[in-house]
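Just upload_6.pdb here, PDB, C-alpha atoms:
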```pdb
ATOM      1  CA  MET A   1     -30.167   7.651   2.562  1.00  0.00           C
ATOM      2  CA  TYR A   2     -26.549   7.529   1.448  1.00  0.00           C
ATOM      3  CA  PHE A   3     -26.327   5.843  -1.934  1.00  0.00           C
ATOM      4  CA  PRO A   4     -23.362   3.512  -2.484  1.00  0.00           C
ATOM      5  CA  SER A   5     -20.293   5.253  -3.836  1.00  0.00           C
ATOM      6  CA  ASP A   6     -16.550   4.557  -3.999  1.00  0.00           C
ATOM      7  CA  ASP A   7     -16.261   4.386  -0.197  1.00  0.00           C
ATOM      8  CA  SER A   8     -19.104   1.902   0.303  1.00  0.00           C
ATOM      9  CA  ILE A   9     -17.879  -0.365  -2.494  1.00  0.00           C
ATOM     10  CA  PHE A  10     -14.312  -0.140  -1.164  1.00  0.00           C
ATOM     11  CA  LEU A  11     -15.415  -1.214   2.325  1.00  0.00           C
ATOM     12  CA  SER A  12     -17.746  -3.954   1.059  1.00  0.00           C
ATOM     13  CA  ASP A  13     -14.795  -5.520  -0.805  1.00  0.00           C
ATOM     14  CA  ILE A  14     -12.647  -5.500   2.361  1.00  0.00           C
ATOM     15  CA  VAL A  15     -15.246  -7.013   4.740  1.00  0.00           C
ATOM     16  CA  ASN A  16     -15.137 -10.228   2.681  1.00  0.00           C
ATOM     17  CA  GLN A  17     -11.794 -10.984   4.344  1.00  0.00           C
ATOM     18  CA  TYR A  18     -13.409 -11.269   7.797  1.00  0.00           C
ATOM     19  CA  HIS A  19     -15.400 -14.172   9.269  1.00  0.00           C
ATOM     20  CA  GLY A  20     -17.042 -14.926  12.582  1.00  0.00           C
ATOM     21  CA  GLN A  21     -20.233 -15.325  14.554  1.00  0.00           C
ATOM     22  CA  LEU A  22     -21.597 -11.802  15.076  1.00  0.00           C
ATOM     23  CA  ALA A  23     -21.064  -8.683  12.969  1.00  0.00           C
ATOM     24  CA  LEU A  24     -22.482  -5.190  13.317  1.00  0.00           C
ATOM     25  CA  GLU A  25     -22.663  -2.468  10.724  1.00  0.00           C
ATOM     26  CA  VAL A  26     -23.274   1.001  12.161  1.00  0.00           C
ATOM     27  CA  GLY A  27     -24.877   3.230   9.546  1.00  0.00           C
ATOM     28  CA  THR A  28     -26.283   0.557   7.260  1.00  0.00           C
ATOM     29  CA  SER A  29     -27.891   2.982   4.784  1.00  0.00           C
ATOM     30  CA  SER A  30     -28.153   1.181   1.409  1.00  0.00           C
ATOM     31  CA  GLY A  31     -27.291  -2.236   2.853  1.00  0.00           C
ATOM     32  CA  ILE A  32     -24.499  -3.226   0.450  1.00  0.00           C
ATOM     33  CA  ILE A  33     -21.948  -3.706   3.233  1.00  0.00           C
ATOM     34  CA  LEU A  34     -24.412  -5.576   5.460  1.00  0.00           C
ATOM     35  CA  LYS A  35     -25.152  -7.883   2.527  1.00  0.00           C
ATOM     36  CA  GLU A  36     -21.451  -8.796   2.356  1.00  0.00           C
ATOM     37  CA  LEU A  37     -21.219  -9.267   6.134  1.00  0.00           C
ATOM     38  CA  SER A  38     -24.174 -11.665   5.997  1.00  0.00           C
ATOM     39  CA  LYS A  39     -22.135 -14.001   3.787  1.00  0.00           C
ATOM     40  CA  ASN A  40     -19.348 -14.583   6.341  1.00  0.00           C
ATOM     41  CA  PHE A  41     -21.040 -14.151   9.718  1.00  0.00           C
ATOM     42  CA  ARG A  42     -23.722 -16.276  11.335  1.00  0.00           C
ATOM     43  CA  ILE A  43     -25.594 -13.129  12.345  1.00  0.00           C
ATOM     44  CA  ALA A  44     -25.129  -9.659  10.841  1.00  0.00           C
ATOM     45  CA  ILE A  45     -26.975  -6.732  12.401  1.00  0.00           C
ATOM     46  CA  GLY A  46     -27.335  -3.259  10.932  1.00  0.00           C
ATOM     47  CA  THR A  47     -28.198   0.014  12.653  1.00  0.00           C
ATOM     48  CA  ASP A  48     -29.078   3.392  11.184  1.00  0.00           C
ATOM     49  CA  LEU A  49     -30.647   6.636  12.360  1.00  0.00           C
ATOM     50  CA  ASP A  50     -32.686   6.886   9.173  1.00  0.00           C
ATOM     51  CA  LEU A  51     -35.753   4.623   9.233  1.00  0.00           C
ATOM     52  CA  ASN A  52     -36.216   4.991   5.472  1.00  0.00           C
ATOM     53  CA  SER A  53     -32.723   3.625   4.882  1.00  0.00           C
ATOM     54  CA  LEU A  54     -33.539   0.599   7.027  1.00  0.00           C
ATOM     55  CA  ILE A  55     -36.823   0.018   5.216  1.00  0.00           C
ATOM     56  CA  HIS A  56     -34.947   0.149   1.900  1.00  0.00           C
ATOM     57  CA  SER A  57     -32.257  -2.249   3.178  1.00  0.00           C
ATOM     58  CA  GLN A  58     -34.847  -4.646   4.582  1.00  0.00           C
ATOM     59  CA  SER A  59     -36.672  -4.831   1.248  1.00  0.00           C
ATOM     60  CA  ILE A  60     -33.441  -5.659  -0.595  1.00  0.00           C
ATOM     61  CA  LEU A  61     -31.711  -7.883   1.967  1.00  0.00           C
ATOM     62  CA  LYS A  62     -34.705  -9.649   3.494  1.00  0.00           C
ATOM     63  CA  ASN A  63     -32.799  -9.135   6.759  1.00  0.00           C
ATOM     64  CA  ASP A  64     -34.791  -8.693   9.954  1.00  0.00           C
ATOM     65  CA  ASN A  65     -31.685  -7.784  11.964  1.00  0.00           C
ATOM     66  CA  LEU A  66     -32.061  -4.048  11.413  1.00  0.00           C
ATOM     67  CA  ILE A  67     -32.398  -1.544  14.248  1.00  0.00           C
ATOM     68  CA  CYS A  68     -33.257   2.136  14.035  1.00  0.00           C
ATOM     69  CA  CYS A  69     -31.024   3.840  16.605  1.00  0.00           C
ATOM     70  CA  ASP A  70     -28.079   6.165  17.114  1.00  0.00           C
ATOM     71  CA  ALA A  71     -24.869   4.230  16.417  1.00  0.00           C
ATOM     72  CA  ALA A  72     -24.895   1.096  18.647  1.00  0.00           C
ATOM     73  CA  SER A  73     -26.894   2.668  21.484  1.00  0.00           C
ATOM     74  CA  ALA A  74     -29.802   0.193  21.376  1.00  0.00           C
ATOM     75  CA  LEU A  75     -27.593  -2.881  21.668  1.00  0.00           C
ATOM     76  CA  HIS A  76     -26.975  -4.251  25.142  1.00  0.00           C
ATOM     77  CA  ASN A  77     -25.337  -7.450  26.403  1.00  0.00           C
ATOM     78  CA  VAL A  78     -24.175  -8.520  22.960  1.00  0.00           C
ATOM     79  CA  MET A  79     -20.587  -8.737  21.787  1.00  0.00           C
ATOM     80  CA  PHE A  80     -19.450  -8.575  18.177  1.00  0.00           C
ATOM     81  CA  ASP A  81     -16.479 -10.156  16.415  1.00  0.00           C
ATOM     82  CA  LEU A  82     -16.520  -7.378  13.836  1.00  0.00           C
ATOM     83  CA  ILE A  83     -18.001  -3.887  13.828  1.00  0.00           C
ATOM     84  CA  VAL A  84     -17.973  -1.993  10.550  1.00  0.00           C
ATOM     85  CA  THR A  85     -18.810   1.603   9.717  1.00  0.00           C
ATOM     86  CA  ASN A  86     -18.578   3.964   6.795  1.00  0.00           C
ATOM     87  CA  PRO A  87     -19.478   7.075   8.770  1.00  0.00           C
ATOM     88  CA  PRO A  88     -20.036  10.570   7.461  1.00  0.00           C
ATOM     89  CA  TYR A  89     -16.403  11.714   7.365  1.00  0.00           C
ATOM     90  CA  LEU A  90     -16.158  15.067   5.613  1.00  0.00           C
ATOM     91  CA  PRO A  91     -15.711  18.321   7.523  1.00  0.00           C
ATOM     92  CA  ASN A  92     -19.029  20.177   7.737  1.00  0.00           C
ATOM     93  CA  ASN A  93     -19.749  22.544   4.878  1.00  0.00           C
ATOM     94  CA  PRO A  94     -21.611  25.542   6.335  1.00  0.00           C
ATOM     95  CA  ASN A  95     -23.118  26.319   2.908  1.00  0.00           C
ATOM     96  CA  HIS A  96     -24.544  22.844   2.369  1.00  0.00           C
ATOM     97  CA  VAL A  97     -25.691  20.625   5.243  1.00  0.00           C
ATOM     98  CA  ASP A  98     -25.826  16.901   4.418  1.00  0.00           C
ATOM     99  CA  LYS A  99     -26.011  14.486   7.364  1.00  0.00           C
ATOM    100  CA  THR A 100     -24.992  11.570   5.115  1.00  0.00           C
ATOM    101  CA  ILE A 101     -21.506  13.041   4.583  1.00  0.00           C
ATOM    102  CA  ASP A 102     -20.958  15.724   7.274  1.00  0.00           C
ATOM    103  CA  GLY A 103     -18.728  14.205   9.942  1.00  0.00           C
ATOM    104  CA  GLY A 104     -18.526  17.234  12.215  1.00  0.00           C
ATOM    105  CA  PRO A 105     -16.384  20.395  12.209  1.00  0.00           C
ATOM    106  CA  SER A 106     -13.157  18.448  11.576  1.00  0.00           C
ATOM    107  CA  GLY A 107     -14.814  15.511   9.817  1.00  0.00           C
ATOM    108  CA  ILE A 108     -13.998  13.018  12.571  1.00  0.00           C
ATOM    109  CA  GLU A 109     -16.521  13.791  15.328  1.00  0.00           C
ATOM    110  CA  VAL A 110     -19.205  11.407  14.020  1.00  0.00           C
ATOM    111  CA  SER A 111     -16.591   8.652  13.712  1.00  0.00           C
ATOM    112  CA  ILE A 112     -15.531   9.147  17.330  1.00  0.00           C
ATOM    113  CA  HIS A 113     -19.174   9.139  18.440  1.00  0.00           C
ATOM    114  CA  ILE A 114     -19.748   5.816  16.657  1.00  0.00           C
ATOM    115  CA  LEU A 115     -16.573   4.296  18.099  1.00  0.00           C
ATOM    116  CA  THR A 116     -17.505   5.432  21.606  1.00  0.00           C
ATOM    117  CA  SER A 117     -20.911   3.808  21.226  1.00  0.00           C
ATOM    118  CA  ALA A 118     -19.484   0.552  19.854  1.00  0.00           C
ATOM    119  CA  LEU A 119     -16.356  -0.114  21.937  1.00  0.00           C
ATOM    120  CA  ASP A 120     -18.113  -1.902  24.789  1.00  0.00           C
ATOM    121  CA  LYS A 121     -19.787  -4.217  22.260  1.00  0.00           C
ATOM    122  CA  LEU A 122     -16.511  -5.526  20.829  1.00  0.00           C
ATOM    123  CA  THR A 123     -15.178  -8.938  21.873  1.00  0.00           C
ATOM    124  CA  LYS A 124     -11.637  -9.053  23.275  1.00  0.00           C
ATOM    125  CA  ALA A 125     -10.270 -10.266  19.933  1.00  0.00           C
ATOM    126  CA  GLY A 126     -12.775  -8.262  17.891  1.00  0.00           C
ATOM    127  CA  LYS A 127     -11.998  -5.731  15.189  1.00  0.00           C
ATOM    128  CA  ILE A 128     -13.567  -2.492  14.054  1.00  0.00           C
ATOM    129  CA  LEU A 129     -13.279  -1.383  10.439  1.00  0.00           C
ATOM    130  CA  ILE A 130     -13.815   2.304   9.735  1.00  0.00           C
ATOM    131  CA  VAL A 131     -13.450   4.448   6.621  1.00  0.00           C
ATOM    132  CA  VAL A 132     -11.358   7.594   7.114  1.00  0.00           C
ATOM    133  CA  SER A 133     -10.860  10.405   4.587  1.00  0.00           C
ATOM    134  CA  SER A 134      -7.690  12.416   4.014  1.00  0.00           C
ATOM    135  CA  LEU A 135      -9.952  15.478   4.272  1.00  0.00           C
ATOM    136  CA  SER A 136     -10.813  14.803   7.926  1.00  0.00           C
ATOM    137  CA  ASN A 137      -8.666  15.318  11.029  1.00  0.00           C
ATOM    138  CA  LYS A 138      -7.011  11.927  11.441  1.00  0.00           C
ATOM    139  CA  LYS A 139      -4.831  13.225  14.309  1.00  0.00           C
ATOM    140  CA  LYS A 140      -7.975  13.657  16.407  1.00  0.00           C
ATOM    141  CA  LEU A 141      -8.892  10.029  15.705  1.00  0.00           C
ATOM    142  CA  GLU A 142      -5.374   8.899  16.599  1.00  0.00           C
ATOM    143  CA  ARG A 143      -5.651  10.700  19.973  1.00  0.00           C
ATOM    144  CA  PHE A 144      -8.944   8.919  20.640  1.00  0.00           C
ATOM    145  CA  ILE A 145      -7.297   5.568  19.827  1.00  0.00           C
ATOM    146  CA  VAL A 146      -4.413   6.183  22.257  1.00  0.00           C
ATOM    147  CA  GLU A 147      -6.703   7.489  25.021  1.00  0.00           C
ATOM    148  CA  ASN A 148      -8.838   4.344  24.779  1.00  0.00           C
ATOM    149  CA  ASN A 149      -5.928   1.887  24.816  1.00  0.00           C
ATOM    150  CA  LEU A 150      -6.610   0.741  21.264  1.00  0.00           C
ATOM    151  CA  VAL A 151      -4.466  -0.069  18.249  1.00  0.00           C
ATOM    152  CA  MET A 152      -5.186   1.225  14.760  1.00  0.00           C
ATOM    153  CA  LYS A 153      -3.634   0.164  11.492  1.00  0.00           C
ATOM    154  CA  GLN A 154      -4.364   0.953   7.891  1.00  0.00           C
ATOM    155  CA  ILE A 155      -5.419  -2.157   5.993  1.00  0.00           C
ATOM    156  CA  ALA A 156      -6.362  -0.566   2.669  1.00  0.00           C
ATOM    157  CA  LYS A 157      -6.056   2.750   0.858  1.00  0.00           C
ATOM    158  CA  LYS A 158      -7.749   4.121  -2.221  1.00  0.00           C
ATOM    159  CA  ASN A 159      -6.733   7.348  -3.924  1.00  0.00           C
ATOM    160  CA  LEU A 160      -9.525   9.290  -5.573  1.00  0.00           C
ATOM    161  CA  PHE A 161      -9.097  12.494  -7.530  1.00  0.00           C
ATOM    162  CA  TYR A 162     -10.184  14.693  -4.598  1.00  0.00           C
ATOM    163  CA  GLU A 163      -9.197  12.648  -1.522  1.00  0.00           C
ATOM    164  CA  SER A 164      -7.664   9.426  -0.244  1.00  0.00           C
ATOM    165  CA  LEU A 165      -9.774   6.908   1.604  1.00  0.00           C
ATOM    166  CA  GLU A 166      -8.296   4.567   4.164  1.00  0.00           C
ATOM    167  CA  ILE A 167      -9.860   1.602   5.856  1.00  0.00           C
ATOM    168  CA  MET A 168      -8.532   1.438   9.364  1.00  0.00           C
ATOM    169  CA  GLU A 169      -8.680  -1.673  11.537  1.00  0.00           C
ATOM    170  CA  ILE A 170      -9.058  -0.919  15.220  1.00  0.00           C
ATOM    171  CA  SER A 171      -8.543  -3.471  17.980  1.00  0.00           C
ATOM    172  CA  ARG A 172      -7.761  -3.647  21.676  1.00  0.00           C
ATOM    173  CA  LYS A 173      -4.139  -3.550  22.767  1.00  0.00           C
ATOM    174  CA  ILE A 174      -2.857  -6.981  23.653  1.00  0.00           C
ATOM    175  CA  LYS A 175      -1.667  -7.007  27.261  1.00  0.00           C
ATOM    176  CA  GLN A 176       1.827  -8.395  27.637  1.00  0.00           C
TER
END
```
With the file now loaded, output its structure as structure tokens.
Amino acid sequence: MYFPSDDSIFLSDIVNQYHGQLALEVGTSSGIILKELSKNFRIAIGTDLDLNSLIHSQSILKNDNLICCDAASALHNVMFDLIVTNPPYLPNNPNHVDKTIDGGPSGIEVSIHILTSALDKLTKAGKILIVVSSLSNKKKLERFIVENNLVMKQIAKKNLFYESLEIMEISRKIKQ
């Protein structure tokens, strides 16, 4: 389980600005972000690969809307107003493997996997919030955004002593 740190707290503060009917958090882990989503959405669902993380979150949140699965793969025929994720975003460290922080060789592969899994579950006007690190390959994410006819904008940034964290808002391009 990934214990809440600067990135989780940063994202949990930002999700308070969003409201709607259905929200999804991919990678619920400790549950602090899902707890905030539950305040402003009629239904908030959390997914995680780690069953122990979900059991922990369920005991704290008293939320039965938790699903053990890879990204959003178990969700079908449901559309979300907001999808949120604080994925593992650091480039893999060959000397120390940690699935809670290793985002792939360039740090962005897990993020792209999550986005790919979630895109077809986003309403037309829906938004995706994702945490991105200055240590990962943001150019690769930007290519994915363009290739999928999406728009991405930075809505918040936090400088830490070893990296900068950005919360990016992703949405569908508005057809003119």
Closest-contact table, stretch 56-147 of chain A side, partner stretch 25-47 of chain A, 9 Å, counting only C-alpha atoms, as CSV:
```
residue,atom,partner,partner_atom,distance
A:His56,CA,A:Ser30,CA,6.9
A:Ser57,CA,A:Gly31,CA,5.0
A:Gln58,CA,A:Gly31,CA,8.1
A:Ile60,CA,A:Gly31,CA,7.8
A:Leu61,CA,A:Lys35,CA,6.6
A:Asn63,CA,A:Ile45,CA,8.5
A:Asp64,CA,A:Ile45,CA,8.4
A:Asn65,CA,A:Ile45,CA,4.8
A:Leu66,CA,A:Gly46,CA,4.8
A:Ile67,CA,A:Thr47,CA,4.8
A:Cys68,CA,A:Thr47,CA,5.7
A:Cys69,CA,A:Thr47,CA,6.2
A:Asp70,CA,A:Thr47,CA,7.6
A:Ala71,CA,A:Val26,CA,5.6
A:Ala72,CA,A:Val26,CA,6.7
A:Ala74,CA,A:Thr47,CA,8.9
A:Leu82,CA,A:Glu25,CA,8.5
A:Ile83,CA,A:Glu25,CA,5.8
A:Val84,CA,A:Glu25,CA,4.7
A:Thr85,CA,A:Val26,CA,5.1
A:Asn86,CA,A:Gly27,CA,6.9
A:Pro87,CA,A:Gly27,CA,6.7
A:Ile114,CA,A:Val26,CA,7.5
A:Ala118,CA,A:Val26,CA,8.6
```
Applied to this file, what does the PyMOL selection byres ((chain A and resi 79) around 9) return in terms of residues, put as an mmCIF file with C-alpha atoms, keeping the file's coordinate frame?
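Here's the written file out-v4.cif:
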```
data_model
loop_
_atom_site.group_PDB
_atom_site.id
_atom_site.type_symbol
_atom_site.label_atom_id
_atom_site.label_comp_id
_atom_site.auth_asym_id
_atom_site.auth_seq_id
_atom_site.Cartn_x
_atom_site.Cartn_y
_atom_site.Cartn_z
ATOM 1 C CA LEU A 22 -21.597 -11.802 15.076
ATOM 2 C CA ALA A 23 -21.064 -8.683 12.969
ATOM 3 C CA HIS A 76 -26.975 -4.251 25.142
ATOM 4 C CA ASN A 77 -25.337 -7.450 26.403
ATOM 5 C CA VAL A 78 -24.175 -8.520 22.960
ATOM 6 C CA PHE A 80 -19.450 -8.575 18.177
ATOM 7 C CA ASP A 81 -16.479 -10.156 16.415
ATOM 8 C CA ASP A 120 -18.113 -1.902 24.789
ATOM 9 C CA LYS A 121 -19.787 -4.217 22.260
ATOM 10 C CA LEU A 122 -16.511 -5.526 20.829
ATOM 11 C CA THR A 123 -15.178 -8.938 21.873
ATOM 12 C CA GLY A 126 -12.775 -8.262 17.891
#
```
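Put simply, the PyMOL selection byres ((chain A and resi 106) around 6) in this file takes in Pro91, Gly104, Pro105, Gly107, Ile108, Ser136 and Asn137 of chain A.
Between atom CA of A:Asn159 and atom CA of A:Val15 lies a distance of 18.8 Å.
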Rounded to one decimal, what separation in Å do you get between atom CA of A:Asn93 and atom CA of A:Met152? 27.6 Å
Take the PyMOL selection byres ((chain A and resi 167) around 8), apply it to the structure above, and return the hits as a ChimeraX atom specification. /A:11,129-132,154-157,165-166,168-169
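The space between atom CA of A:Asn16 and atom CA of A:Ser164 spans 21.2 Å.
For the point (-25.9, 11.6, 8.4) in file coordinates, the residues within 9 Å, using only C-alpha atoms, are A:Met1, A:Tyr2, A:Gly27, A:Leu49, A:Asp50, A:Pro87, A:Pro88, A:Asp98, A:Lys99, A:Thr100, A:Ile101, A:Asp102, A:Gly103, A:Val110.
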Residue contacts of A:Glu147 (12 Å, all atoms listed in the file) excluding same-chain residues fewer than 3 positions away, as number ranges by chain: A: 112, 116, 140-144, 150-151, 172-173
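Of the residues under consideration (A:Asn52, A:Ser134, A:Asn95, A:Ile174), A:Ser134 shows the shortest atom-to-atom contact distance to A:Phe161 when counting all atoms listed in the file.
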Using the incomplete input, complete stretch 135-146 of chain A to the level of N, CA and C atoms; output as a PDB file, in the frame of the given file.
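Resulting contents of selection.pdb:
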```pdb
ATOM      1  N   LEU A 135      -9.421  14.135   4.050  1.00  0.00           N
ATOM      2  CA  LEU A 135      -9.952  15.478   4.272  1.00  0.00           C
ATOM      3  C   LEU A 135     -10.381  15.713   5.717  1.00  0.00           C
ATOM      4  N   SER A 136     -10.423  14.655   6.522  1.00  0.00           N
ATOM      5  CA  SER A 136     -10.813  14.803   7.926  1.00  0.00           C
ATOM      6  C   SER A 136      -9.572  14.802   8.822  1.00  0.00           C
ATOM      7  N   ASN A 137      -9.766  15.163  10.080  1.00  0.00           N
ATOM      8  CA  ASN A 137      -8.666  15.318  11.029  1.00  0.00           C
ATOM      9  C   ASN A 137      -8.302  13.957  11.639  1.00  0.00           C
ATOM     10  N   LYS A 138      -7.411  13.256  10.984  1.00  0.00           N
ATOM     11  CA  LYS A 138      -7.011  11.927  11.441  1.00  0.00           C
ATOM     12  C   LYS A 138      -6.257  11.978  12.772  1.00  0.00           C
ATOM     13  N   LYS A 139      -5.559  13.076  13.035  1.00  0.00           N
ATOM     14  CA  LYS A 139      -4.831  13.225  14.309  1.00  0.00           C
ATOM     15  C   LYS A 139      -5.795  13.145  15.493  1.00  0.00           C
ATOM     16  N   LYS A 140      -6.967  13.710  15.346  1.00  0.00           N
ATOM     17  CA  LYS A 140      -7.975  13.657  16.407  1.00  0.00           C
ATOM     18  C   LYS A 140      -8.417  12.205  16.648  1.00  0.00           C
ATOM     19  N   LEU A 141      -8.553  11.448  15.579  1.00  0.00           N
ATOM     20  CA  LEU A 141      -8.892  10.029  15.705  1.00  0.00           C
ATOM     21  C   LEU A 141      -7.745   9.280  16.380  1.00  0.00           C
ATOM     22  N   GLU A 142      -6.535   9.561  15.996  1.00  0.00           N
ATOM     23  CA  GLU A 142      -5.374   8.899  16.599  1.00  0.00           C
ATOM     24  C   GLU A 142      -5.305   9.165  18.103  1.00  0.00           C
ATOM     25  N   ARG A 143      -5.621  10.387  18.531  1.00  0.00           N
ATOM     26  CA  ARG A 143      -5.651  10.700  19.973  1.00  0.00           C
ATOM     27  C   ARG A 143      -6.708   9.864  20.681  1.00  0.00           C
ATOM     28  N   PHE A 144      -7.871   9.733  20.069  1.00  0.00           N
ATOM     29  CA  PHE A 144      -8.944   8.919  20.640  1.00  0.00           C
ATOM     30  C   PHE A 144      -8.482   7.464  20.793  1.00  0.00           C
ATOM     31  N   ILE A 145      -7.793   6.952  19.808  1.00  0.00           N
ATOM     32  CA  ILE A 145      -7.297   5.568  19.827  1.00  0.00           C
ATOM     33  C   ILE A 145      -6.341   5.378  21.005  1.00  0.00           C
ATOM     34  N   VAL A 146      -5.390   6.265  21.168  1.00  0.00           N
ATOM     35  CA  VAL A 146      -4.413   6.183  22.257  1.00  0.00           C
ATOM     36  C   VAL A 146      -5.112   6.295  23.608  1.00  0.00           C
TER      37      VAL A 146
END
```
